[in-house]
Structures are given as structure tokens and as C-alpha cells.
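S.K.: Take a look at run10.cif, mmCIF, C-alpha atoms:
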```cif
data_run
#
loop_
_atom_site.label_atom_id
_atom_site.label_comp_id
_atom_site.auth_asym_id
_atom_site.auth_seq_id
_atom_site.Cartn_x
_atom_site.Cartn_y
_atom_site.Cartn_z
CA MET A 228 0.00 0.00 0.00
CA GLU A 229 1.37 3.40 -0.97
CA SER A 230 1.26 6.19 1.55
CA GLY A 231 4.05 8.49 0.39
CA ILE A 232 3.79 11.89 2.05
CA PHE A 233 0.08 11.41 2.52
CA THR A 234 -1.68 10.45 5.71
CA LYS A 235 -3.19 7.00 5.27
CA CYS A 236 -6.99 7.01 5.30
CA ALA A 237 -9.50 4.25 6.03
CA PHE A 238 -13.28 3.98 5.78
CA VAL A 239 -14.84 1.44 8.19
CA THR A 240 -18.55 0.76 7.78
CA GLY A 241 -20.33 -0.11 11.01
CA GLY A 242 -17.45 1.35 12.99
CA SER A 243 -19.43 2.65 15.94
CA ARG A 244 -19.17 -0.43 18.12
CA GLY A 245 -18.11 -4.04 18.42
CA ILE A 246 -15.68 -5.40 15.84
CA GLY A 247 -15.98 -2.28 13.69
CA LYS A 248 -14.92 -0.06 16.56
CA GLY A 249 -12.01 -2.35 17.34
CA ILE A 250 -10.87 -2.09 13.72
CA ALA A 251 -11.24 1.70 13.63
CA LEU A 252 -9.25 2.18 16.82
CA VAL A 253 -6.39 -0.10 15.79
CA LEU A 254 -6.11 1.65 12.42
CA ALA A 255 -6.15 5.05 14.10
CA GLU A 256 -3.48 3.86 16.51
CA GLN A 257 -1.38 2.92 13.48
CA GLY A 258 -1.69 6.36 11.91
CA TYR A 259 -4.82 6.26 9.77
CA ASP A 260 -7.41 9.02 9.52
CA ILE A 261 -10.79 7.34 9.84
CA ALA A 262 -14.34 7.60 8.54
CA ILE A 263 -17.08 5.37 9.97
CA THR A 264 -20.78 4.72 9.53
CA TYR A 265 -23.42 3.82 12.07
CA ALA A 266 -27.07 2.83 11.70
CA THR A 267 -28.65 3.76 15.05
CA ALA A 268 -25.93 3.89 17.72
CA VAL A 269 -25.13 7.61 17.52
CA ASP A 270 -23.76 7.86 21.08
CA GLU A 271 -21.39 4.94 20.48
CA ALA A 272 -20.36 6.44 17.15
CA MET A 273 -19.45 9.70 18.87
CA ASP A 274 -17.49 7.77 21.47
CA THR A 275 -15.53 6.07 18.69
CA LYS A 276 -14.87 9.47 17.11
CA THR A 277 -13.51 10.79 20.42
CA SER A 278 -11.28 7.74 20.81
CA VAL A 279 -9.92 8.06 17.28
CA GLU A 280 -9.21 11.76 17.76
CA ALA A 281 -7.34 10.96 20.97
CA PHE A 282 -4.69 9.37 18.70
CA GLY A 283 -4.39 12.68 16.85
CA ARG A 284 -6.31 11.40 13.84
CA ARG A 285 -9.30 12.86 12.02
CA CYS A 286 -12.61 10.99 12.23
CA PHE A 287 -15.72 11.52 10.12
CA VAL A 288 -19.02 9.95 11.15
CA TYR A 289 -22.04 9.22 8.94
CA GLN A 290 -25.46 7.81 9.69
CA ALA A 291 -26.15 5.27 6.95
CA ASN A 292 -28.78 2.61 6.37
CA LEU A 293 -26.61 0.52 4.11
CA GLU A 294 -29.35 -2.00 3.31
CA LYS A 295 -30.90 0.68 1.06
CA ALA A 296 -29.74 0.36 -2.52
CA ASP A 297 -28.62 3.96 -3.03
CA VAL A 298 -26.78 4.47 0.26
CA PRO A 299 -23.54 2.42 0.04
CA GLU A 300 -22.10 4.21 -2.99
CA ALA A 301 -23.22 7.64 -1.80
CA VAL A 302 -21.68 7.32 1.67
CA THR A 303 -18.44 5.90 0.26
CA LYS A 304 -18.15 8.87 -2.09
CA GLN A 305 -18.73 11.18 0.88
CA ALA A 306 -16.05 9.45 2.94
CA ILE A 307 -13.58 9.79 0.07
CA ALA A 308 -14.43 13.47 -0.33
CA ASP A 309 -13.97 14.20 3.38
CA LEU A 310 -10.83 12.12 3.82
CA ARG A 311 -9.49 13.41 0.47
CA ARG A 312 -8.03 9.96 -0.34
CA LEU A 313 -8.77 6.36 0.54
CA ASP A 314 -6.16 3.69 1.18
CA VAL A 315 -8.30 1.15 3.00
CA LEU A 316 -11.98 0.19 2.92
CA VAL A 317 -13.27 -2.18 5.60
CA ASN A 318 -16.77 -3.48 4.89
CA ASN A 319 -17.74 -4.36 8.44
CA ALA A 320 -21.39 -3.27 8.73
CA GLY A 321 -23.77 -6.20 8.95
CA GLN A 322 -26.48 -7.71 11.06
CA THR A 323 -27.16 -11.29 12.06
CA LYS A 324 -30.69 -12.46 11.35
CA HIS A 325 -31.96 -15.92 12.21
CA ASN A 326 -34.71 -17.34 10.06
CA SER A 327 -36.79 -20.49 10.00
CA LEU A 328 -37.58 -21.70 6.52
CA PHE A 329 -41.20 -22.17 7.62
CA THR A 330 -41.64 -18.46 8.42
CA THR A 331 -39.13 -16.73 6.14
CA GLU A 332 -40.45 -13.50 4.62
CA VAL A 333 -39.29 -11.73 1.47
CA ASP A 334 -38.64 -8.50 3.38
CA LEU A 335 -36.15 -10.26 5.65
CA MET A 336 -34.42 -11.84 2.66
CA ASP A 337 -34.10 -8.44 1.00
CA PHE A 338 -32.75 -6.83 4.19
CA VAL A 339 -30.06 -9.47 4.75
CA ASN A 340 -29.04 -9.51 1.09
CA GLY A 341 -28.95 -5.72 0.94
CA LEU A 342 -26.89 -5.18 4.08
CA ASP A 343 -24.65 -8.24 4.22
CA PHE A 344 -23.98 -8.85 0.53
CA ARG A 345 -24.96 -6.00 -1.79
CA ALA A 346 -23.69 -3.10 0.34
CA PRO A 347 -20.07 -4.34 0.65
CA ILE A 348 -19.85 -4.81 -3.11
CA LEU A 349 -21.22 -1.34 -3.85
CA CYS A 350 -18.89 0.28 -1.31
CA ALA A 351 -16.01 -1.65 -2.84
CA LYS A 352 -17.00 -0.41 -6.29
CA GLN A 353 -16.54 3.24 -5.32
CA ALA A 354 -13.39 2.57 -3.31
CA ALA A 355 -11.83 0.64 -6.20
CA LEU A 356 -12.72 3.35 -8.73
CA HIS A 357 -11.04 5.96 -6.53
CA MET A 358 -7.96 3.81 -5.98
CA ARG A 359 -7.60 2.99 -9.68
CA GLU A 360 -8.05 6.58 -10.81
CA ASN A 361 -5.48 7.86 -8.29
CA GLY A 362 -2.94 5.08 -8.60
CA ILE A 363 -3.44 3.98 -4.99
CA ARG A 364 -2.34 0.43 -4.30
CA GLY A 365 -5.05 0.07 -1.69
CA SER A 366 -6.65 -2.67 0.31
CA ILE A 367 -10.30 -3.67 0.67
CA ILE A 368 -11.26 -5.96 3.55
CA ASN A 369 -14.67 -7.64 3.77
CA ILE A 370 -15.67 -8.78 7.25
CA THR A 371 -17.46 -12.07 6.73
CA SER A 372 -17.97 -14.78 9.36
CA THR A 373 -16.99 -18.32 10.21
CA ARG A 374 -20.68 -19.00 9.60
CA ALA A 375 -19.80 -18.77 5.92
CA PHE A 376 -18.08 -22.13 6.39
CA ARG A 377 -20.17 -23.92 9.03
CA SER A 378 -23.91 -24.49 8.82
CA TYR A 379 -26.32 -23.78 11.67
CA PRO A 380 -30.08 -24.20 11.95
CA GLU A 381 -32.08 -21.12 10.95
CA ASP A 382 -29.01 -19.49 9.40
CA ALA A 383 -29.75 -19.91 5.71
CA LEU A 384 -29.94 -16.19 4.94
CA TYR A 385 -27.07 -14.69 6.95
CA GLY A 386 -24.75 -17.65 6.49
CA ALA A 387 -25.40 -17.71 2.76
CA ALA A 388 -24.83 -13.96 2.44
CA LYS A 389 -21.45 -14.25 4.16
CA ALA A 390 -20.52 -17.29 2.08
CA GLY A 391 -21.53 -15.40 -1.05
CA LEU A 392 -19.44 -12.39 -0.05
CA THR A 393 -16.46 -14.65 0.55
CA ARG A 394 -16.80 -16.13 -2.93
CA ALA A 395 -17.42 -12.71 -4.50
CA THR A 396 -14.25 -11.42 -2.84
CA GLU A 397 -12.21 -14.04 -4.68
CA SER A 398 -13.54 -12.89 -8.05
CA MET A 399 -13.15 -9.19 -7.25
CA ALA A 400 -9.59 -9.81 -6.05
CA THR A 401 -8.63 -11.24 -9.45
CA GLU A 402 -10.17 -8.24 -11.23
CA LEU A 403 -8.45 -5.69 -9.00
CA ALA A 404 -5.03 -7.34 -8.87
CA PRO A 405 -3.73 -5.76 -12.11
CA HIS A 406 -4.36 -2.35 -10.51
CA GLY A 407 -2.37 -3.23 -7.41
CA ILE A 408 -5.52 -3.28 -5.25
CA ARG A 409 -5.81 -6.19 -2.87
CA MET A 410 -9.09 -7.58 -1.53
CA ASN A 411 -9.37 -10.10 1.30
CA CYS A 412 -11.79 -11.30 3.95
CA VAL A 413 -11.51 -11.48 7.71
CA ALA A 414 -13.91 -14.03 9.19
CA PRO A 415 -14.53 -13.48 12.92
CA GLY A 416 -15.99 -16.18 15.10
CA ALA A 417 -16.81 -16.35 18.82
CA THR A 418 -15.92 -12.70 19.42
CA ARG A 419 -17.06 -11.02 22.63
CA VAL A 420 -18.49 -7.68 21.53
CA ARG A 421 -20.83 -6.84 24.41
CA GLY A 422 -18.99 -8.05 27.51
CA ASP A 423 -16.60 -6.16 29.76
CA GLY A 424 -13.51 -7.74 28.21
CA SER A 425 -12.30 -9.14 31.52
CA ASP A 426 -10.51 -12.45 31.71
CA GLU A 427 -13.57 -13.96 33.38
CA ASP A 428 -15.83 -12.60 30.64
CA LEU A 429 -13.67 -14.00 27.84
CA HIS A 430 -13.68 -17.45 29.46
CA SER A 431 -17.45 -17.63 30.12
CA GLY A 432 -20.26 -19.37 28.21
CA PHE A 433 -19.07 -21.95 25.69
CA ALA A 434 -15.50 -20.60 25.76
CA PRO A 435 -14.19 -23.92 27.17
CA LYS A 436 -15.35 -25.55 23.93
CA ILE A 437 -13.18 -23.25 21.80
CA PRO A 438 -9.76 -24.81 21.21
CA LEU A 439 -7.92 -21.73 22.52
CA GLY A 440 -10.27 -21.68 25.50
CA ARG A 441 -11.67 -18.15 25.26
CA TYR A 442 -13.58 -15.66 23.13
CA GLY A 443 -11.80 -13.24 20.83
CA THR A 444 -11.91 -9.45 21.12
CA PRO A 445 -12.73 -6.66 18.65
CA ARG A 446 -9.16 -5.38 18.83
CA GLU A 447 -7.79 -8.78 17.80
CA ASN A 448 -9.89 -8.51 14.65
CA GLY A 449 -8.52 -5.00 14.24
CA TYR A 450 -4.95 -6.26 14.39
CA ALA A 451 -5.74 -8.83 11.70
CA VAL A 452 -7.23 -6.15 9.44
CA ALA A 453 -4.30 -3.79 10.01
CA TRP A 454 -1.84 -6.55 9.11
CA LEU A 455 -3.71 -7.52 5.94
CA CYS A 456 -3.64 -3.84 4.89
CA SER A 457 0.07 -3.52 5.55
CA GLU A 458 3.02 -4.05 3.22
CA GLN A 459 3.84 -7.15 5.26
CA ALA A 460 0.80 -8.80 3.61
CA GLY A 461 1.51 -7.26 0.22
CA TYR A 462 1.48 -10.62 -1.57
CA ILE A 463 -1.87 -11.73 -0.16
CA THR A 464 -5.12 -11.23 -2.04
CA GLY A 465 -8.36 -13.18 -2.44
CA THR A 466 -7.98 -15.07 0.82
CA THR A 467 -9.93 -15.35 4.07
CA LEU A 468 -8.29 -15.07 7.47
CA LYS A 469 -10.33 -16.74 10.21
CA ILE A 470 -10.12 -15.08 13.65
CA ASP A 471 -11.92 -17.65 15.76
CA GLY A 472 -9.54 -19.36 18.18
CA GLY A 473 -10.01 -22.58 16.21
CA LEU A 474 -13.78 -22.49 16.74
CA ILE A 475 -14.85 -24.23 13.54
CA LEU A 476 -12.00 -26.71 13.35
CA PRO A 477 -13.80 -29.39 15.41
CA GLY A 478 -16.84 -29.48 13.13
CA MET A 479 -19.26 -29.80 16.06
CA PRO A 480 -21.87 -27.35 17.41
CA GLU A 481 -20.87 -25.30 20.44
CA ASP A 482 -22.27 -26.76 23.65
CA ALA A 483 -21.05 -25.60 27.04
CA SER A 484 -22.60 -28.47 28.99
CA PRO A 485 -20.10 -30.92 30.51
CA GLU A 486 -22.03 -33.93 29.27
CA ALA A 487 -21.55 -32.78 25.66
CA GLY A 488 -17.90 -33.77 25.77
CA TYR A 489 -15.08 -31.91 24.10
CA GLY A 490 -15.55 -32.45 20.41
CA TRP A 491 -12.08 -31.15 19.64
CA GLY A 492 -10.59 -34.47 18.61
CA ARG A 493 -9.18 -35.14 22.07
CA MET A 494 -9.20 -38.73 23.28
CA LYS A 495 -11.81 -39.37 25.94
CA TYR A 496 -9.46 -41.54 27.96
CA PRO A 497 -5.73 -40.89 28.49
CA ARG A 498 -3.50 -42.73 26.09
CA GLN A 499 -1.58 -45.56 27.73
CA PRO A 500 2.22 -45.11 27.78
CA ALA A 501 4.04 -46.88 24.97
CA ALA A 502 5.59 -50.23 25.86
CA LYS A 503 9.33 -50.19 26.49
CA PRO A 504 11.59 -52.41 24.37
CA ASN A 505 11.50 -56.06 25.33
CA GLN A 506 8.45 -55.42 27.49
CA GLU A 507 5.11 -57.11 27.05
CA PRO A 508 2.52 -54.60 25.84
#
```
What's the C-alpha cells form of this structure?

M.R.:
Amino acid sequence: MESGIFTKCAFVTGGSRGIGKGIALVLAEQGYDIAITYATAVDEAMDTKTSVEAFGRRCFVYQANLEKADVPEAVTKQAIADLRRLDVLVNNAGQTKHNSLFTTEVDLMDFVNGLDFRAPILCAKQAALHMRENGIRGSIINITSTRAFRSYPEDALYGAAKAGLTRATESMATELAPHGIRMNCVAPGATRVRGDGSDEDLHSGFAPKIPLGRYGTPRENGYAVAWLCSEQAGYITGTTLKIDGGLILPGMPEDASPEAGYGWGRMKYPRQPAAKPNQEP
């Protein structure tokens, strides 16, 4: 990514709280000016702005209902105009929606598709046009989910949207590569976004079922995004980096109850020590 004499600039959708806020703060800490969107959490958005500015960086905040067809491109253009250049776009805004096939409504399908699939592509369109026209070897990161890779009941819409975005990223990455623009995905899983971040909080719930034994944090996702945007990852495009503590490696649903067992491929009973030479097994 080229920065030259310019201040690096990043646009993070859904940057008011949770993973988006963690990404915005890590990027600000690393020298980026920031623009963010929020849907309803204006107080949290202003708190993020204050935190970004505490690093000596500029921060622009926009209210945006990104599920609406005309909003993603318009707000991306506004962010570019205010920042005056764009080096990084992080498509983080999204909303989990559970649906039963028996009660699925068209309005819900349209909302999930609009917010979790269409909006990132339209934001990426404007970011890529700006980067190409200005010779910026930029980076676009789509925040997907480990649910793009593991199926759950009543997750056909959200899971499919994230899986579709993951696949779309691969195609867009091949198209953008000749322009020096990289596009990748970060797929969070089991991230604590509403707790107090204490050690006890991160080890609660089904955390014992996660191979690393705890939930992840928004800042850890931010570090992953910052690395993918850096020159250290300059030869990486079209890939997905899972930030989940090994959550989906076992291939079993999360269940915190002791009787559910581990499910992480561990042996139920301790392995017997190997027989010594010349000793009966």
C-alpha cells in the first residue's frame, strides 16, 4: 500500500461499536485518519470518534442505512471526499438475522441480502474506482464470518450472504489485482463484543469448547485487518483469514454443557504409555 507523504486514510462501515470499533481504533493507533458509519448507535459512534481523535487522527461519522440500494455508494463517495483519499476500505457493517424456513419472509431476505452482501460490493466499487483513478495500491477488507463455512439451523440467509461475499471477494480480487488493489476477507468467530472484556468474561459461556479456551476481542480482529492492509501482507489477495480461536475446526456445534464432551478431537481416555523395548505390551 502506498502512503508516500500522505496520511493514510480508512473507511470502516459499522465502525461505531463491536468489531468495527475495534478495527477503527487499531487503524487510528497505526496512523490512519478514519471515517465510519453507524445505523442507530449515535452515542457509540461519537465515542468512537472521540477515541480516534485521541490518537491525533481525524474521524468523520455518517449515519447510513446501508441496506438501502442507493446508500452504500453515496456514503463511500462522501467518505472519500472528506478524507481526500482512501487507502483502505473495511466493509464491516452487517447484522445477524436468524430465520426459519417455515416463516421466512421476502422483506427479511431483501434486508439481509442488501446489508450483508450487496452493500459491501457497492462500497467496494466506489473505493476501487477511486484507488484505480489515483494510482493507490489500496486494500479492501470484507468482514465475513466463520458462519460462511459452518452451517447452523435457521441461518440460511445470513450464512449464505457471508458465504456469497467470501466467494465474491475471490472474483473481485482477481479483477483488482492488475491495478495493485488487494481484496481479502476477515472471518470473525466467537468474538465477545458486548462483555466487559475481563478475563472472566472472555472465558465464560461456551468458551471452554473453543480450542484456545476463550472468546476473541474486537481489537484482535482490528490487528488482523491492520496486518492484511500492511506491506507485510503485500502478496496476499483473495484469501480469508479466520479469527476464531479454532472455533470451527472441530466441526461440532458449540455446547457448554459438561455432558456434551469436548468435540475437539481429544481422546476421551488418556492414552496408555508406549511399551518399552523387550516389554510385554

S.K.: Can you check which parts of segment 274-319 of chain A lie within 7 Å of segment 338-352 of chain A? Per residue, the shortest pair of atoms and distance in Å to one decimal, counting all atoms listed in the file, sorted by chain and number, as CSV.

M.R.:
```
residue,atom,partner,partner_atom,distance
A:Leu293,CA,A:Leu342,CA,5.7
A:Glu294,CA,A:Leu342,CA,4.1
A:Lys295,CA,A:Gly341,CA,6.7
A:Pro299,CA,A:Cys350,CA,5.3
A:Glu300,CA,A:Cys350,CA,5.3
A:Thr303,CA,A:Cys350,CA,5.9
A:Asn318,CA,A:Pro347,CA,5.4
```

S.K.: Residues at most 7 Å from segment 462-467 of chain A, counting all atoms listed in the file, excluding those fewer than 5 positions away in the same chain, as number ranges by chain?

M.R.: A: 396-397, 400, 409-414

S.K.: Which one is closest to Ala308 of chain A: A:Phe238, A:Tyr385, A:Tyr265, A:Tyr450? Count all atoms listed in the file.

M.R.: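 Of A:Phe238, A:Tyr385, A:Tyr265, A:Tyr450, the one nearest Ala308 of chain A is A:Phe238, counting all atoms listed in the file.
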
S.K.: Residues near segment 245-254 of chain A, anyone? I mean within 8 Å using all atoms listed in the file, not counting same-chain ones fewer than 4 positions away, as JSON, numbers by chain.

M.R.: {"A": [237, 239, 240, 241, 258, 259, 261, 263, 275, 278, 279, 319, 320, 420, 421, 444, 445, 446, 447, 448, 449, 450, 452, 453]}

S.K.: Applying 10 Å and all atoms listed in the file, which residues near Ala434 of chain A remain after dropping the ones on its own chain fewer than 2 positions away? List them as a JSON list (two decimals) with C-alpha atoms, keeping the file's coordinate frame.

M.R.:
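Saved to out.json:
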```json
[["chain", "number", "residue", "atom", "x", "y", "z"],
["A", 417, "ALA", "CA", -16.81, -16.35, 18.82],
["A", 428, "ASP", "CA", -15.83, -12.60, 30.64],
["A", 429, "LEU", "CA", -13.67, -14.00, 27.84],
["A", 430, "HIS", "CA", -13.68, -17.45, 29.46],
["A", 431, "SER", "CA", -17.45, -17.63, 30.12],
["A", 432, "GLY", "CA", -20.26, -19.37, 28.21],
["A", 436, "LYS", "CA", -15.35, -25.55, 23.93],
["A", 437, "ILE", "CA", -13.18, -23.25, 21.80],
["A", 438, "PRO", "CA", -9.76, -24.81, 21.21],
["A", 439, "LEU", "CA", -7.92, -21.73, 22.52],
["A", 440, "GLY", "CA", -10.27, -21.68, 25.50],
["A", 441, "ARG", "CA", -11.67, -18.15, 25.26],
["A", 442, "TYR", "CA", -13.58, -15.66, 23.13],
["A", 443, "GLY", "CA", -11.80, -13.24, 20.83],
["A", 472, "GLY", "CA", -9.54, -19.36, 18.18],
["A", 474, "LEU", "CA", -13.78, -22.49, 16.74],
["A", 481, "GLU", "CA", -20.87, -25.30, 20.44],
["A", 482, "ASP", "CA", -22.27, -26.76, 23.65],
["A", 483, "ALA", "CA", -21.05, -25.60, 27.04]]
```

S.K.: With all atoms listed in the file as the basis for distance, which of A:Arg364, A:Ala388, A:Leu476, A:Ser425 is at the shortest distance from Glu458 of chain A?

M.R.: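 The closest residue to Glu458 of chain A is A:Arg364.
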
S.K.: So how many Å separate atom CA of Phe282 of chain A and atom CA of Gln257 of chain A, to one decimal?

M.R.: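 Result for atom CA of Phe282 of chain A versus atom CA of Gln257 of chain A: 8.9 Å, one decimal.
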
S.K.: For segment 376-384 of chain A, work out the shell of residues within 10 Å, counting all atoms listed in the file and skipping chain neighbours fewer than 5 positions away, then give it as a ChimeraX atom specification.

M.R.: /A:323-329,331,335-340,343,389-390,393,414,475-476,478-480

S.K.: Please, what distance in Å, to one decimal, runs between atom CA of Ile470 of chain A and atom CA of Pro415 of chain A?

M.R.: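 Separating atom CA of Ile470 of chain A from atom CA of Pro415 of chain A is a distance of 4.7 Å.
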
S.K.: Mind working out the centre and edge lengths of an axis-aligned box for segment 331-335 of chain A, all listed atoms inside, 8 Å added to each side, rounded to one decimal in Å and written as AutoDock Vina command-line options?

M.R.:
```
--center_x -38.3 --center_y -12.6 --center_z 3.8 --size_x 20.3 --size_y 24.2 --size_z 20.7
```

S.K.: Spell out the residues picked by the PyMOL selection byres ((chain A and resi 311) around 12) here, as a PyMOL selection string.

M.R.: chain A and resi 233-238+260-262+285+287+303-310+312-314+357-358+361

S.K.: Between atom CA of Thr373 of chain A and atom CA of Ala451 of chain A, what distance in Å does the model show, to one decimal?

M.R.: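 Here the two named atoms are 14.8 Å from each other.
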
S.K.: For Gly416 of chain A, which of A:Gly321, A:Gly242, A:Gly473, A:Gly283 is the closest residue, counting all atoms listed in the file?

M.R.: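 Nearest to Gly416 of chain A: A:Gly473.
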
S.K.: Under the rule that only C-alpha atoms are counted, which of A:Ala281, A:Ile408, A:Ile370, A:Ala387 is the nearest residue to Ala355 of chain A?

M.R.: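 Looking only at the distances to Ala355 of chain A, the closest residue turns out to be A:Ile408.
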
S.K.: Please determine, counting all atoms listed in the file, which residue among A:Gly407, A:Val333, A:Cys286, A:Leu455 has the shortest atom-to-atom distance to Gly362 of chain A.

M.R.: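 With all atoms listed in the file as the atom set, the closest residue is A:Gly407.
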
S.K.: If the PyMOL selection byres ((chain A and resi 269) around 12) is run on the structure shown, which residues does it catch, given as JSON, numbers by chain?

M.R.: {"A": [241, 242, 243, 244, 263, 264, 265, 266, 267, 268, 270, 271, 272, 273, 274, 275, 276, 288, 289, 290, 291]}

S.K.: Because some atoms of segment 307-331 of chain A are absent here, can you restore N, CA and C atoms and send them as a PDB file, keeping the file's coordinate frame?

M.R.:
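Contents of the output file rebuild13.pdb:
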```
ATOM      1  N   ILE A 307     -14.742   9.474   0.887  1.00  0.00           N
ATOM      2  CA  ILE A 307     -13.580   9.790   0.070  1.00  0.00           C
ATOM      3  C   ILE A 307     -13.397  11.296  -0.039  1.00  0.00           C
ATOM      4  N   ALA A 308     -14.500  12.019  -0.213  1.00  0.00           N
ATOM      5  CA  ALA A 308     -14.430  13.470  -0.330  1.00  0.00           C
ATOM      6  C   ALA A 308     -13.911  14.103   0.958  1.00  0.00           C
ATOM      7  N   ASP A 309     -14.377  13.620   2.100  1.00  0.00           N
ATOM      8  CA  ASP A 309     -13.970  14.200   3.380  1.00  0.00           C
ATOM      9  C   ASP A 309     -12.533  13.829   3.737  1.00  0.00           C
ATOM     10  N   LEU A 310     -12.182  12.569   3.507  1.00  0.00           N
ATOM     11  CA  LEU A 310     -10.830  12.120   3.820  1.00  0.00           C
ATOM     12  C   LEU A 310      -9.809  12.645   2.807  1.00  0.00           C
ATOM     13  N   ARG A 311     -10.288  12.899   1.588  1.00  0.00           N
ATOM     14  CA  ARG A 311      -9.490  13.410   0.470  1.00  0.00           C
ATOM     15  C   ARG A 311      -8.653  12.320  -0.223  1.00  0.00           C
ATOM     16  N   ARG A 312      -8.590  11.137   0.323  1.00  0.00           N
ATOM     17  CA  ARG A 312      -8.030   9.960  -0.340  1.00  0.00           C
ATOM     18  C   ARG A 312      -8.486   8.745   0.453  1.00  0.00           C
ATOM     19  N   LEU A 313      -8.375   7.587  -0.154  1.00  0.00           N
ATOM     20  CA  LEU A 313      -8.770   6.360   0.540  1.00  0.00           C
ATOM     21  C   LEU A 313      -7.752   5.272   0.238  1.00  0.00           C
ATOM     22  N   ASP A 314      -7.117   4.782   1.297  1.00  0.00           N
ATOM     23  CA  ASP A 314      -6.160   3.690   1.180  1.00  0.00           C
ATOM     24  C   ASP A 314      -6.763   2.351   1.548  1.00  0.00           C
ATOM     25  N   VAL A 315      -7.736   2.388   2.471  1.00  0.00           N
ATOM     26  CA  VAL A 315      -8.300   1.150   3.000  1.00  0.00           C
ATOM     27  C   VAL A 315      -9.822   1.298   3.141  1.00  0.00           C
ATOM     28  N   LEU A 316     -10.544   0.322   2.655  1.00  0.00           N
ATOM     29  CA  LEU A 316     -11.980   0.190   2.920  1.00  0.00           C
ATOM     30  C   LEU A 316     -12.190  -1.090   3.710  1.00  0.00           C
ATOM     31  N   VAL A 317     -12.909  -0.991   4.826  1.00  0.00           N
ATOM     32  CA  VAL A 317     -13.270  -2.180   5.600  1.00  0.00           C
ATOM     33  C   VAL A 317     -14.794  -2.272   5.624  1.00  0.00           C
ATOM     34  N   ASN A 318     -15.327  -3.240   4.910  1.00  0.00           N
ATOM     35  CA  ASN A 318     -16.770  -3.480   4.890  1.00  0.00           C
ATOM     36  C   ASN A 318     -17.151  -4.333   6.093  1.00  0.00           C
ATOM     37  N   ASN A 319     -17.425  -3.655   7.199  1.00  0.00           N
ATOM     38  CA  ASN A 319     -17.740  -4.360   8.440  1.00  0.00           C
ATOM     39  C   ASN A 319     -19.228  -4.388   8.761  1.00  0.00           C
ATOM     40  N   ALA A 320     -19.971  -3.379   8.341  1.00  0.00           N
ATOM     41  CA  ALA A 320     -21.390  -3.270   8.730  1.00  0.00           C
ATOM     42  C   ALA A 320     -22.151  -4.526   8.319  1.00  0.00           C
ATOM     43  N   GLY A 321     -22.953  -5.020   9.223  1.00  0.00           N
ATOM     44  CA  GLY A 321     -23.770  -6.200   8.950  1.00  0.00           C
ATOM     45  C   GLY A 321     -24.648  -6.487  10.147  1.00  0.00           C
ATOM     46  N   GLN A 322     -25.586  -7.360   9.963  1.00  0.00           N
ATOM     47  CA  GLN A 322     -26.480  -7.710  11.060  1.00  0.00           C
ATOM     48  C   GLN A 322     -26.903  -9.162  10.934  1.00  0.00           C
ATOM     49  N   THR A 323     -26.741  -9.896  12.025  1.00  0.00           N
ATOM     50  CA  THR A 323     -27.160 -11.290  12.060  1.00  0.00           C
ATOM     51  C   THR A 323     -28.674 -11.374  12.141  1.00  0.00           C
ATOM     52  N   LYS A 324     -29.255 -12.198  11.320  1.00  0.00           N
ATOM     53  CA  LYS A 324     -30.690 -12.460  11.350  1.00  0.00           C
ATOM     54  C   LYS A 324     -30.905 -13.964  11.274  1.00  0.00           C
ATOM     55  N   HIS A 325     -31.613 -14.506  12.247  1.00  0.00           N
ATOM     56  CA  HIS A 325     -31.960 -15.920  12.210  1.00  0.00           C
ATOM     57  C   HIS A 325     -33.317 -16.084  11.526  1.00  0.00           C
ATOM     58  N   ASN A 326     -33.445 -17.125  10.757  1.00  0.00           N
ATOM     59  CA  ASN A 326     -34.710 -17.340  10.060  1.00  0.00           C
ATOM     60  C   ASN A 326     -35.040 -18.819   9.991  1.00  0.00           C
ATOM     61  N   SER A 327     -36.292 -19.134  10.246  1.00  0.00           N
ATOM     62  CA  SER A 327     -36.790 -20.490  10.000  1.00  0.00           C
ATOM     63  C   SER A 327     -37.352 -20.524   8.586  1.00  0.00           C
ATOM     64  N   LEU A 328     -37.052 -21.565   7.874  1.00  0.00           N
ATOM     65  CA  LEU A 328     -37.580 -21.700   6.520  1.00  0.00           C
ATOM     66  C   LEU A 328     -39.099 -21.609   6.512  1.00  0.00           C
ATOM     67  N   PHE A 329     -39.743 -22.118   7.572  1.00  0.00           N
ATOM     68  CA  PHE A 329     -41.200 -22.170   7.620  1.00  0.00           C
ATOM     69  C   PHE A 329     -41.844 -20.788   7.748  1.00  0.00           C
ATOM     70  N   THR A 330     -41.071 -19.795   8.203  1.00  0.00           N
ATOM     71  CA  THR A 330     -41.640 -18.460   8.420  1.00  0.00           C
ATOM     72  C   THR A 330     -40.863 -17.356   7.705  1.00  0.00           C
ATOM     73  N   THR A 331     -39.957 -17.725   6.821  1.00  0.00           N
ATOM     74  CA  THR A 331     -39.130 -16.730   6.140  1.00  0.00           C
ATOM     75  C   THR A 331     -39.979 -15.806   5.268  1.00  0.00           C
TER      76      THR A 331
END
```
